[in-house]
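Data file: protein-v1.txt. Format and content: compact mmCIF, C-alpha atoms.
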```
# COMPACT_ATOMS: atom_id res chain seq x y z
CA MET S 1 6.79 -16.38 1.60
CA ALA S 2 4.45 -14.22 3.65
CA VAL S 3 5.29 -10.60 4.33
CA GLU S 4 3.81 -8.02 6.67
CA ALA S 5 3.51 -4.26 6.64
CA ILE S 6 4.08 -2.89 10.14
CA TRP S 7 3.59 0.65 11.36
CA ASN S 8 3.42 2.02 14.90
CA ASP S 9 4.05 -1.52 16.23
CA ARG S 10 0.95 -2.89 14.51
CA VAL S 11 0.66 -5.31 11.60
CA ILE S 12 -1.48 -3.45 9.08
CA ALA S 13 -1.13 -5.95 6.22
CA HIS S 14 -0.19 -9.62 5.96
CA SER S 15 -0.01 -11.64 2.75
CA ASP S 16 1.74 -14.43 0.91
CA ARG S 17 0.42 -13.02 -2.38
CA THR S 18 2.23 -9.69 -2.76
CA ILE S 19 3.57 -8.54 -6.09
CA VAL S 20 6.97 -6.85 -5.98
CA LEU S 21 7.30 -4.01 -8.45
CA GLU S 22 10.16 -1.50 -8.43
CA GLY S 23 11.17 -2.82 -4.99
CA ASN S 24 7.74 -2.27 -3.41
CA HIS S 25 5.43 -5.01 -2.15
CA TYR S 26 1.88 -4.48 -3.42
CA PHE S 27 -0.55 -6.22 -1.05
CA PRO S 28 -3.94 -7.47 -2.22
CA ARG S 29 -6.53 -5.05 -0.83
CA GLU S 30 -8.25 -7.84 1.11
CA ASP S 31 -4.99 -8.52 2.99
CA VAL S 32 -4.76 -4.94 4.33
CA ASP S 33 -6.56 -3.85 7.51
CA PRO S 34 -9.16 -1.38 6.20
CA THR S 35 -9.62 0.22 9.63
CA VAL S 36 -6.20 1.93 9.39
CA LEU S 37 -6.81 3.50 5.95
CA GLU S 38 -8.17 7.00 5.43
CA LYS S 39 -8.48 8.26 1.84
CA SER S 40 -6.21 11.16 1.02
CA PRO S 41 -6.83 13.77 -1.70
CA HIS S 42 -3.18 13.40 -2.78
CA THR S 43 -2.35 11.86 -6.17
CA SER S 44 0.80 11.48 -8.24
CA GLU S 45 1.58 10.41 -11.79
CA CYS S 46 3.77 7.58 -13.00
CA PRO S 47 4.44 7.58 -16.75
CA TRP S 48 3.94 3.83 -17.10
CA LYS S 49 1.68 2.88 -14.15
CA GLY S 50 -0.80 5.77 -14.22
CA THR S 51 -2.27 7.91 -11.44
CA ALA S 52 -1.50 6.83 -7.89
CA HIS S 53 -4.01 7.59 -5.15
CA TYR S 54 -3.04 7.66 -1.47
CA TYR S 55 -4.21 6.73 1.99
CA THR S 56 -3.19 8.23 5.30
CA LEU S 57 -2.61 5.60 7.98
CA GLU S 58 -4.04 5.97 11.47
CA VAL S 59 -3.02 3.59 14.24
CA ASP S 60 -3.65 4.25 17.94
CA GLY S 61 -4.22 7.97 17.31
CA GLU S 62 -0.98 8.38 15.33
CA ARG S 63 -1.23 9.48 11.69
CA ASN S 64 1.15 8.85 8.79
CA ALA S 65 0.06 11.04 5.88
CA ASP S 66 0.03 9.51 2.39
CA ALA S 67 1.92 6.42 3.58
CA ALA S 68 0.01 3.98 1.36
CA TRP S 69 -0.76 4.17 -2.34
CA TYR S 70 -2.68 2.31 -4.98
CA TYR S 71 -3.58 2.52 -8.66
CA PRO S 72 -7.36 2.27 -9.17
CA GLN S 73 -7.00 2.52 -12.97
CA PRO S 74 -3.47 1.33 -13.81
CA LYS S 75 -2.17 1.52 -17.35
CA PRO S 76 -2.12 -1.82 -19.21
CA GLU S 77 1.57 -2.40 -18.42
CA ALA S 78 0.78 -2.25 -14.68
CA GLU S 79 -2.52 -4.14 -14.64
CA ALA S 80 -1.06 -6.69 -12.17
CA ILE S 81 -1.16 -4.11 -9.35
CA ARG S 82 -4.85 -3.19 -9.72
CA ASP S 83 -6.63 -3.51 -6.32
CA ARG S 84 -3.29 -3.68 -4.49
CA ILE S 85 -1.80 -1.34 -1.89
CA ALA S 86 1.87 -0.48 -1.28
CA PHE S 87 3.47 1.36 1.65
CA TRP S 88 6.34 3.76 2.44
CA HIS S 89 7.06 6.66 4.86
CA GLY S 90 8.35 4.50 7.68
CA VAL S 91 6.13 1.47 7.17
CA GLU S 92 8.32 -1.61 7.68
CA ILE S 93 7.95 -4.53 5.28
CA ALA S 94 9.18 -7.76 6.89
CA GLU S 95 9.00 -11.49 6.37
CA ALA S 96 6.31 -13.01 8.54
```
Output the file's structure as structure tokens, nothing else.
Amino acid sequence: MAVEAIWNDRVIAHSDRTIVLEGNHYFPREDVDPTVLEKSPHTSECPWKGTAHYYTLEVDGERNADAAWYYPQPKPEAEAIRDRIAFWHGVEIAEA
């Protein structure tokens, strides 16, 4: 089943290879539109996944701060989500 991440009426990711972890779809990096991603200095810690890094989304001049996250160096238990990006803060995840 393919799913899409949609924000500001634009499909920003499309994949049939997401991994669902804790209710979040993690999209392979190559299935996410890189033109909408702007690195954020924000990070957060998960005790079992490691340090999450964030992107701010920008679509048609609208910004959504820290609305995407990824684990560049996940802990061994979360290795499956390396090089994958998940979304929140109003980003809709829908079947394609």
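The closest residue to Asp16 of chain S, picked from S:Glu30, S:Met1, S:Lys49, S:Asn64 and counting all atoms listed in the file, is S:Met1.
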Separation of atom CA of Trp88 of chain S and atom CA of Pro74 of chain S, in Å?
19.1 Å
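Neighbouring residues of Thr43 of chain S at 9 Å or closer, counting all atoms listed in the file and skipping chain neighbours under 2 positions away, are S:Ser40, S:Pro41, S:Glu45, S:Thr51, S:Ala52, S:His53, S:Tyr54, S:Trp69.
Shortest atom-to-atom contact with Pro47 of chain S among S:Ala13, S:Val32, S:Ala78, S:Leu21: S:Ala78, counting only C-alpha atoms.
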Just the residues within 8 Å of Ala68 of chain S, please, counting all atoms listed in the file, with nothing from its chain fewer than 3 positions along; format it as a list of chain:residue names.
S:Tyr54, S:Tyr55, S:Thr56, S:Leu57, S:Ile85, S:Ala86, S:Phe87, S:Trp88
Supply segment 30-54 of chain S as an mmCIF file, keeping the file's coordinate frame, with N, CA and C atoms built in where the input has gaps.
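To be explicit, this is the file written out as result.cif:
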```cif
data_model
loop_
_atom_site.group_PDB
_atom_site.id
_atom_site.type_symbol
_atom_site.label_atom_id
_atom_site.label_comp_id
_atom_site.auth_asym_id
_atom_site.auth_seq_id
_atom_site.Cartn_x
_atom_site.Cartn_y
_atom_site.Cartn_z
ATOM 1 N N GLU S 30 -7.583 -7.059 0.062
ATOM 2 C CA GLU S 30 -8.250 -7.840 1.110
ATOM 3 C C GLU S 30 -7.281 -8.296 2.206
ATOM 4 N N ASP S 31 -5.973 -8.145 1.982
ATOM 5 C CA ASP S 31 -4.990 -8.520 2.990
ATOM 6 C C ASP S 31 -4.485 -7.327 3.801
ATOM 7 N N VAL S 32 -5.118 -6.173 3.609
ATOM 8 C CA VAL S 32 -4.760 -4.940 4.330
ATOM 9 C C VAL S 32 -5.905 -4.616 5.288
ATOM 10 N N ASP S 33 -5.564 -4.230 6.509
ATOM 11 C CA ASP S 33 -6.560 -3.850 7.510
ATOM 12 C C ASP S 33 -7.240 -2.546 7.081
ATOM 13 N N PRO S 34 -8.506 -2.595 6.693
ATOM 14 C CA PRO S 34 -9.160 -1.380 6.200
ATOM 15 C C PRO S 34 -9.398 -0.333 7.277
ATOM 16 N N THR S 35 -9.342 -0.741 8.552
ATOM 17 C CA THR S 35 -9.620 0.220 9.630
ATOM 18 C C THR S 35 -8.504 1.235 9.811
ATOM 19 N N VAL S 36 -7.325 0.996 9.240
ATOM 20 C CA VAL S 36 -6.200 1.930 9.390
ATOM 21 C C VAL S 36 -6.085 2.897 8.210
ATOM 22 N N LEU S 37 -6.919 2.712 7.176
ATOM 23 C CA LEU S 37 -6.810 3.500 5.950
ATOM 24 C C LEU S 37 -7.814 4.650 5.913
ATOM 25 N N GLU S 38 -7.318 5.833 5.615
ATOM 26 C CA GLU S 38 -8.170 7.000 5.430
ATOM 27 C C GLU S 38 -7.800 7.610 4.069
ATOM 28 N N LYS S 39 -8.774 7.733 3.170
ATOM 29 C CA LYS S 39 -8.480 8.260 1.840
ATOM 30 C C LYS S 39 -7.868 9.653 1.936
ATOM 31 N N SER S 40 -6.891 9.879 1.105
ATOM 32 C CA SER S 40 -6.210 11.160 1.020
ATOM 33 C C SER S 40 -6.552 11.800 -0.331
ATOM 34 N N PRO S 41 -6.593 13.121 -0.411
ATOM 35 C CA PRO S 41 -6.830 13.770 -1.700
ATOM 36 C C PRO S 41 -5.589 13.767 -2.599
ATOM 37 N N HIS S 42 -4.451 13.357 -2.051
ATOM 38 C CA HIS S 42 -3.180 13.400 -2.780
ATOM 39 C C HIS S 42 -3.148 12.368 -3.919
ATOM 40 N N THR S 43 -2.613 12.771 -5.054
ATOM 41 C CA THR S 43 -2.350 11.860 -6.170
ATOM 42 C C THR S 43 -0.979 12.189 -6.749
ATOM 43 N N SER S 44 -0.443 11.244 -7.506
ATOM 44 C CA SER S 44 0.800 11.480 -8.240
ATOM 45 C C SER S 44 0.739 10.691 -9.536
ATOM 46 N N GLU S 45 1.579 11.056 -10.474
ATOM 47 C CA GLU S 45 1.580 10.410 -11.790
ATOM 48 C C GLU S 45 2.836 9.592 -11.998
ATOM 49 N N CYS S 46 2.662 8.411 -12.536
ATOM 50 C CA CYS S 46 3.770 7.580 -13.000
ATOM 51 C C CYS S 46 3.578 7.405 -14.497
ATOM 52 N N PRO S 47 4.618 7.654 -15.300
ATOM 53 C CA PRO S 47 4.440 7.580 -16.750
ATOM 54 C C PRO S 47 3.977 6.219 -17.260
ATOM 55 N N TRP S 48 4.336 5.136 -16.566
ATOM 56 C CA TRP S 48 3.940 3.830 -17.100
ATOM 57 C C TRP S 48 2.906 3.104 -16.249
ATOM 58 N N LYS S 49 2.693 3.533 -14.986
ATOM 59 C CA LYS S 49 1.680 2.880 -14.150
ATOM 60 C C LYS S 49 0.362 3.650 -14.117
ATOM 61 N N GLY S 50 0.409 4.959 -14.246
ATOM 62 C CA GLY S 50 -0.800 5.770 -14.220
ATOM 63 C C GLY S 50 -0.858 6.683 -13.016
ATOM 64 N N THR S 51 -2.070 6.997 -12.568
ATOM 65 C CA THR S 51 -2.270 7.910 -11.440
ATOM 66 C C THR S 51 -2.372 7.125 -10.143
ATOM 67 N N ALA S 52 -1.472 7.442 -9.215
ATOM 68 C CA ALA S 52 -1.500 6.830 -7.890
ATOM 69 C C ALA S 52 -2.393 7.655 -6.975
ATOM 70 N N HIS S 53 -3.193 6.969 -6.189
ATOM 71 C CA HIS S 53 -4.010 7.590 -5.150
ATOM 72 C C HIS S 53 -3.448 7.128 -3.810
ATOM 73 N N TYR S 54 -3.697 7.909 -2.750
ATOM 74 C CA TYR S 54 -3.040 7.660 -1.470
ATOM 75 C C TYR S 54 -4.023 7.487 -0.326
#
```
